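Below: the structure, in structure tokens.
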Amino acid sequence: MDDSFESLKIRADAGVLFVKINNPPMNLLGPVLVADLVSLIELLDKGDRYRVAVFSSADPEYFIPHVDVTKVAEYRHAAAKLTGEPSLALLFRRLSETKAITIAQIAGRVRGGGSEFALACDMRFASRERSIFGQLEVALGVIPGGGAVQHLARLMGRARALEVIASADDYDAALAERYGWINRALPDNELEPYVTALAHRIARFPQAALLTLKQRVNAITLAPEADFRRDSELFGEGFREGGEAKGRTAKLIKVGLQTRSETEFSLGRVLGELDNCNEQPR
Amino acid sequence: MDDSFESLKIRADAGVLFVKINNPPMNLLGPVLVADLVSLIELLDKGDRYRVAVFSSADPEYFIPHVDVTKVAEYRHAAAKLTGEPSLALLFRRLSETKAITIAQIAGRVRGGGSEFALACDMRFASRERSIFGQLEVALGVIPGGGAVQHLARLMGRARALEVIASADDYDAALAERYGWINRALPDNELEPYVTALAHRIARFPQAALLTLKQRVNAITLAPEADFRRDSELFGEGFREGGEAKGRTAKLIKVGLQTRSETEFSLGRVLGELDNCNEQPR
Amino acid sequence: MDDSFESLKIRADAGVLFVKINNPPMNLLGPVLVADLVSLIELLDKGDRYRVAVFSSADPEYFIPHVDVTKVAEYRHAAAKLTGEPSLALLFRRLSETKAITIAQIAGRVRGGGSEFALACDMRFASRERSIFGQLEVALGVIPGGGAVQHLARLMGRARALEVIASADDYDAALAERYGWINRALPDNELEPYVTALAHRIARFPQAALLTLKQRVNAITLAPEADFRRDSELFGEGFREGGEAKGRTAKLIKVGLQTRSETEFSLGRVLGELDNCNEQPR
């Protein structure tokens, strides 16, 4: 066990780095986890010891629920350590370019910035029974700022990306698979063995080919920095400016957002019931 | 009920505009329906009263069967009222940019320009039992001119778009879902409640976020005007010039095209049986 | 029967050219088959007699297993006859631009350059029971050089393309369909009748429309020549330069690669078990 990470438990085996996200009480994506991801990307960028990295969660109910909405400035500051810019989107884009092949092994809720972290990984396999996906941002009054617009529009096409993001609803793993949000949904008891075997398989292949492959596929599929940056700015502006995001977020926090509450557990449903009394037609 | 539309029945409820296409005898996309769509887009462009628009059909067998092939010049003229150009493709592209989130709630046959109308909407949900999809144009001797080439190539990829358009055949809702033609096929009795709930849910979210979302997704997924315009021109040229489109269309009209006949009901099959005796190898 | 092809059995019927790949002992894509494909593309380019070409295999177990890895220079030389450049990728890109609509009717193993041939066709239908797909190149130490990176990234999106190519594993037809590698998997006994009927159907439609359709869809979906050329160069460099490709290929040949052996039959599994003892971390 390596103790250089506060919110990640890591274990190395034959060229594969197994990374367990462990940021109690519920794996919120705040400054601590972002700082650890910065260090981890620096480690993977070296490209020598680890050819494949597998991300899973130590929390059975939450993979990453979303960003810590009370610490946007702080986690952005932590992200800037790597990229020079206070943007989660650009940090995640750098993750998509790191030398290791990255695999998200998903079980539990993965919404908002958590989904965007998973989308930045090279592959995503999810527990059919236990995974729930959502982009909640529009229900708060902002667009996803960490890359979901860029990735989902390319993975799902116009109509499904608009549905998923505009509905801000929960999607189960079977539907996430049909829409291309994830590579595949697997039965819960097969997920870890499957991903572990795949990771070891890939780690045995010549690394020069894996590096070239990733560069070639990224050149086709990874959106330009400017587009990630713009989404990130729009997200930030939405929270700062006189929009509804602050008010709606405050309301949600009052009913349990960011705690292990029914609000987080069934966030898709709760967001649909959030009233819009302080909105004005424009 | 609003009586400002001749071929649309509209009903507003809590920010959602429910639009029922009602253009007897069979919802052909001719000058009347196009003129009404122009007015409707102008209404949705205002962006104040309606955040979501849901399109359904008053005809249980036809959503929109296709354009009125005897009135191409006339419906193009009607489209030019909004865009300044006599092109259905450019009208539909404008629909994709309107401020409301637009949802096609599909049951019945939706072919040719009808499918292109649905493809211009932001989302498409269809009755599993009652929907039939088709792009019939190649069987007439032209390419789809209203945007299907642009949308299907991006939604389905090269091979499936070529299959669907080159075959000019009928596709059921389950296959349309697997190919990404629609968001999802739903059991007939669940379709309307599902779409209604989704529309109301989205309409409760802050509109600024929905507008930004649509702009960002369109920037990635909506083809340039020039490409829609070119498809539109090629379609028009095909009908005007010395090709086979006029003759093949005339043949089909003789056997019942544009009437509630077996020809329209099972158009995919009929197109496959149309002889090609007046064709010359080139 | 036409005897102008050494490795293809061709039969024409009503505007459809049925092409059976017959290059014993196992349909390797070597100089003979490539030379025949050059002649065939020249025939289809004429665009007069054949509107549709259907490719199937005379070998029940292999559609095309992959290129002949012992004759890379030779088959590239054969490809240059058509394009002026010794590149399989550019030859296949030309196939994607030929005037006929091309359909791959797949049964048996189709891996590496064989999969890339199928990906260059306009449509792909496969036997659900008998087809096996794979891109084996990364396991050898190179990236796919014949177009798979370009096609799969666009058909499947970033995550599934990376999975399929980085894993170098076998995929059955059902999964290939879910990932968009093929149009559809069909029951083995329905495959030939289905494709035959589809081919004849398309061949009865006006050719001008089919030609325009293909140009318009290619303009959207077919990657630039430069990108195919670059993948091709990277593949070639990988085999020539001091990488691991030569050694790993030699090992595989020792255990039966390019023969009707268990190695070829279950290549996905065998590649996963290939040791990496001569690799150095970099």
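Residue names in the structure tokens use chain letters A, B, ... in the order shown, residue numbers from 1 in each chain, and ligand numbers from 1 in the order shown.
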request  = Quick one: everything within 9 Å of range 34-45 of chain B, counting only C-alpha atoms, minus sequence neighbours fewer than 3 positions away in the same chain. Send it as a VMD selection string.
outcome  = chain B and resid 4 to 8 29 to 31 48 to 53 75 to 76 78 to 82 88 91 94 to 95 97 to 100
request  = Enumerate as a ChimeraX atom specification all residues of range 43-146 of chain C assigned to strand (DSSP E) by DSSP on the backbone, naming them with the chain letters and numbers the document uses.
outcome  = /C:52-57,62-64,101-111,123-134
request  = Using only C-alpha atoms, find which residues of chain C lie within 9 Å of chain B and jot them down as a VMD selection string.
outcome  = chain C and resid 47 to 49 101 119 121 to 124 151 154 to 156 178 180 182 to 184 198 to 202 204 to 210 212 to 214 216 to 218 220 to 222
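Atom pair CA of Lys71 in chain C / CA of Ala203 in chain A: separated by 28.5 Å.
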request  = Return as number ranges by chain the full set of residues in range 23-263 of chain B whose backbone-based DSSP assignment is helix (DSSP H, G or I).
outcome  = B: 31-46, 72-83, 88-97, 113-120, 137-140, 148-156, 158-167, 173-179, 188-203, 207-221, 225-240, 245-254, 262-263
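The closest residue to Phe55 in chain A, picked from A:Phe239, A:Phe125, A:Phe228, A:Trp181 and counting only C-alpha atoms, is A:Phe125.
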Just the residues within 12 Å of Leu267 in chain B, please, counting only C-alpha atoms, with nothing from its chain fewer than 3 positions along; format it as an mmCIF file with N, CA, C and O atoms, in the first residue's frame.
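around.cif written:
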data_model
loop_
_atom_site.group_PDB
_atom_site.id
_atom_site.type_symbol
_atom_site.label_atom_id
_atom_site.label_comp_id
_atom_site.auth_asym_id
_atom_site.auth_seq_id
_atom_site.Cartn_x
_atom_site.Cartn_y
_atom_site.Cartn_z
ATOM 1 N N PRO B 65 -46.058 10.918 -43.376
ATOM 2 C CA PRO B 65 -45.628 9.848 -44.290
ATOM 3 C C PRO B 65 -44.433 10.264 -45.145
ATOM 4 O O PRO B 65 -43.553 9.451 -45.403
ATOM 5 N N HIS B 66 -44.402 11.523 -45.568
ATOM 6 C CA HIS B 66 -43.304 12.088 -46.378
ATOM 7 C C HIS B 66 -43.809 13.412 -46.910
ATOM 8 O O HIS B 66 -44.916 13.833 -46.583
ATOM 9 N N ARG B 109 -46.475 5.718 -39.356
ATOM 10 C CA ARG B 109 -45.403 5.751 -40.354
ATOM 11 C C ARG B 109 -44.740 7.124 -40.395
ATOM 12 O O ARG B 109 -45.415 8.155 -40.370
ATOM 13 N N VAL B 110 -43.436 7.110 -40.447
ATOM 14 C CA VAL B 110 -42.681 8.354 -40.506
ATOM 15 C C VAL B 110 -41.528 8.133 -41.489
ATOM 16 O O VAL B 110 -40.525 7.520 -41.158
ATOM 17 N N ARG B 111 -41.753 8.593 -42.696
ATOM 18 C CA ARG B 111 -40.795 8.293 -43.770
ATOM 19 C C ARG B 111 -40.377 9.584 -44.481
ATOM 20 O O ARG B 111 -41.050 10.600 -44.414
ATOM 21 N N GLY B 112 -39.278 9.516 -45.197
ATOM 22 C CA GLY B 112 -38.832 10.625 -46.036
ATOM 23 C C GLY B 112 -38.719 11.918 -45.240
ATOM 24 O O GLY B 112 -38.069 11.977 -44.188
ATOM 25 N N ILE B 132 -43.124 3.017 -37.860
ATOM 26 C CA ILE B 132 -42.359 2.500 -39.001
ATOM 27 C C ILE B 132 -41.566 3.656 -39.599
ATOM 28 O O ILE B 132 -42.120 4.711 -39.894
ATOM 29 N N PHE B 133 -40.273 3.415 -39.757
ATOM 30 C CA PHE B 133 -39.359 4.446 -40.231
ATOM 31 C C PHE B 133 -38.832 4.095 -41.615
ATOM 32 O O PHE B 133 -38.571 2.931 -41.895
ATOM 33 N N GLY B 134 -38.631 5.098 -42.447
ATOM 34 C CA GLY B 134 -38.040 4.830 -43.756
ATOM 35 C C GLY B 134 -37.571 6.099 -44.441
ATOM 36 O O GLY B 134 -38.151 7.170 -44.262
ATOM 37 N N GLN B 135 -36.489 5.964 -45.168
ATOM 38 C CA GLN B 135 -36.067 7.035 -46.088
ATOM 39 C C GLN B 135 -36.265 6.471 -47.491
ATOM 40 O O GLN B 135 -35.500 5.635 -47.946
ATOM 41 N N LEU B 136 -37.301 6.923 -48.163
ATOM 42 C CA LEU B 136 -37.708 6.319 -49.430
ATOM 43 C C LEU B 136 -37.044 6.928 -50.655
ATOM 44 O O LEU B 136 -37.176 6.417 -51.766
ATOM 45 N N GLU B 137 -36.284 8.014 -50.480
ATOM 46 C CA GLU B 137 -35.902 8.860 -51.603
ATOM 47 C C GLU B 137 -35.115 8.145 -52.697
ATOM 48 O O GLU B 137 -35.346 8.359 -53.893
ATOM 49 N N ALA B 139 -35.220 5.210 -53.715
ATOM 50 C CA ALA B 139 -36.102 4.399 -54.569
ATOM 51 C C ALA B 139 -36.781 5.254 -55.633
ATOM 52 O O ALA B 139 -37.159 4.758 -56.690
ATOM 53 N N LEU B 140 -36.933 6.541 -55.344
ATOM 54 C CA LEU B 140 -37.499 7.443 -56.354
ATOM 55 C C LEU B 140 -36.421 7.914 -57.326
ATOM 56 O O LEU B 140 -36.724 8.317 -58.444
ATOM 57 N N ALA B 168 -33.862 2.101 -48.747
ATOM 58 C CA ALA B 168 -35.176 2.755 -48.830
ATOM 59 C C ALA B 168 -36.267 1.863 -48.251
ATOM 60 O O ALA B 168 -37.419 1.894 -48.690
ATOM 61 N N ASP B 169 -35.921 1.096 -47.244
ATOM 62 C CA ASP B 169 -36.853 0.098 -46.717
ATOM 63 C C ASP B 169 -37.482 0.583 -45.402
ATOM 64 O O ASP B 169 -37.093 1.606 -44.853
ATOM 65 N N ASP B 170 -38.454 -0.172 -44.944
ATOM 66 C CA ASP B 170 -39.106 0.117 -43.672
ATOM 67 C C ASP B 170 -38.304 -0.477 -42.520
ATOM 68 O O ASP B 170 -37.838 -1.617 -42.599
ATOM 69 N N TYR B 171 -38.189 0.277 -41.443
ATOM 70 C CA TYR B 171 -37.493 -0.174 -40.237
ATOM 71 C C TYR B 171 -38.455 -0.028 -39.068
ATOM 72 O O TYR B 171 -39.091 1.009 -38.907
ATOM 73 N N LEU B 252 -45.650 5.518 -58.942
ATOM 74 C CA LEU B 252 -46.095 5.239 -57.579
ATOM 75 C C LEU B 252 -47.424 5.935 -57.291
ATOM 76 O O LEU B 252 -48.287 5.381 -56.588
ATOM 77 N N ILE B 253 -47.584 7.130 -57.826
ATOM 78 C CA ILE B 253 -48.851 7.830 -57.611
ATOM 79 C C ILE B 253 -49.992 7.041 -58.247
ATOM 80 O O ILE B 253 -51.078 6.917 -57.667
ATOM 81 N N VAL B 255 -50.276 3.940 -58.402
ATOM 82 C CA VAL B 255 -50.660 2.784 -57.573
ATOM 83 C C VAL B 255 -51.001 3.200 -56.135
ATOM 84 O O VAL B 255 -51.076 2.341 -55.251
ATOM 85 N N GLY B 256 -51.188 4.498 -55.914
ATOM 86 C CA GLY B 256 -51.751 4.868 -54.617
ATOM 87 C C GLY B 256 -50.883 5.701 -53.702
ATOM 88 O O GLY B 256 -51.281 5.980 -52.561
ATOM 89 N N LEU B 257 -49.703 6.113 -54.158
ATOM 90 C CA LEU B 257 -48.872 6.984 -53.303
ATOM 91 C C LEU B 257 -49.661 8.240 -52.958
ATOM 92 O O LEU B 257 -50.411 8.763 -53.764
ATOM 93 N N GLN B 258 -49.509 8.683 -51.752
ATOM 94 C CA GLN B 258 -50.184 9.883 -51.230
ATOM 95 C C GLN B 258 -51.681 9.673 -50.994
ATOM 96 O O GLN B 258 -52.421 10.646 -50.839
ATOM 97 N N THR B 259 -52.101 8.421 -50.951
ATOM 98 C CA THR B 259 -53.464 8.117 -50.503
ATOM 99 C C THR B 259 -53.368 7.050 -49.406
ATOM 100 O O THR B 259 -52.326 6.407 -49.250
ATOM 101 N N ARG B 260 -54.461 6.845 -48.675
ATOM 102 C CA ARG B 260 -54.448 5.840 -47.606
ATOM 103 C C ARG B 260 -54.602 4.460 -48.225
ATOM 104 O O ARG B 260 -55.605 3.767 -48.029
ATOM 105 N N SER B 261 -53.592 4.074 -48.955
ATOM 106 C CA SER B 261 -53.628 2.833 -49.735
ATOM 107 C C SER B 261 -52.603 1.848 -49.203
ATOM 108 O O SER B 261 -51.762 2.195 -48.357
ATOM 109 N N GLU B 262 -52.679 0.638 -49.721
ATOM 110 C CA GLU B 262 -51.675 -0.369 -49.390
ATOM 111 C C GLU B 262 -50.279 0.123 -49.785
ATOM 112 O O GLU B 262 -49.289 -0.194 -49.119
ATOM 113 N N THR B 263 -50.191 0.893 -50.852
ATOM 114 C CA THR B 263 -48.892 1.430 -51.275
ATOM 115 C C THR B 263 -48.247 2.246 -50.158
ATOM 116 O O THR B 263 -47.072 2.055 -49.833
ATOM 117 N N GLU B 264 -48.999 3.149 -49.563
ATOM 118 C CA GLU B 264 -48.431 3.940 -48.471
ATOM 119 C C GLU B 264 -48.249 3.103 -47.211
ATOM 120 O O GLU B 264 -47.278 3.262 -46.487
ATOM 121 N N VAL B 270 -43.421 -2.111 -51.277
ATOM 122 C CA VAL B 270 -43.814 -1.678 -52.626
ATOM 123 C C VAL B 270 -42.622 -1.096 -53.383
ATOM 124 O O VAL B 270 -42.423 -1.390 -54.572
ATOM 125 N N LEU B 271 -41.811 -0.321 -52.714
ATOM 126 C CA LEU B 271 -40.650 0.281 -53.392
ATOM 127 C C LEU B 271 -39.696 -0.794 -53.900
ATOM 128 O O LEU B 271 -39.076 -0.644 -54.952
ATOM 129 N N GLY B 272 -39.589 -1.872 -53.151
ATOM 130 C CA GLY B 272 -38.700 -2.956 -53.558
ATOM 131 C C GLY B 272 -39.195 -3.695 -54.782
ATOM 132 O O GLY B 272 -38.419 -4.365 -55.472
ATOM 133 N N GLU B 273 -40.488 -3.581 -55.028
ATOM 134 C CA GLU B 273 -41.070 -4.308 -56.162
ATOM 135 C C GLU B 273 -41.241 -3.429 -57.384
ATOM 136 O O GLU B 273 -41.628 -3.901 -58.452
ATOM 137 N N LEU B 274 -40.976 -2.139 -57.219
ATOM 138 C CA LEU B 274 -41.098 -1.219 -58.345
ATOM 139 C C LEU B 274 -40.112 -1.638 -59.430
ATOM 140 O O LEU B 274 -38.933 -1.769 -59.172
#
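Here CA of Asp172 in chain B stands at a distance of 26.5 Å from CA of Val16 in chain C.
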Interatomic distance (Å, one decimal) between CA of Gln215 in chain A and CA of Lys20 in chain A = 26.2 Å
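For the set A:Ala14, A:Pro24, A:Ala174, A:Glu190, the residue with the smallest atom-to-atom gap to Asp59 in chain A is A:Pro24, counting only C-alpha atoms.
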request  = Would you please work out which residue, of A:Gln105, A:Ser115, A:Ala185, A:Leu90, is nearest to Arg128 in chain A when using only C-alpha atoms?
outcome  = A:Ala185
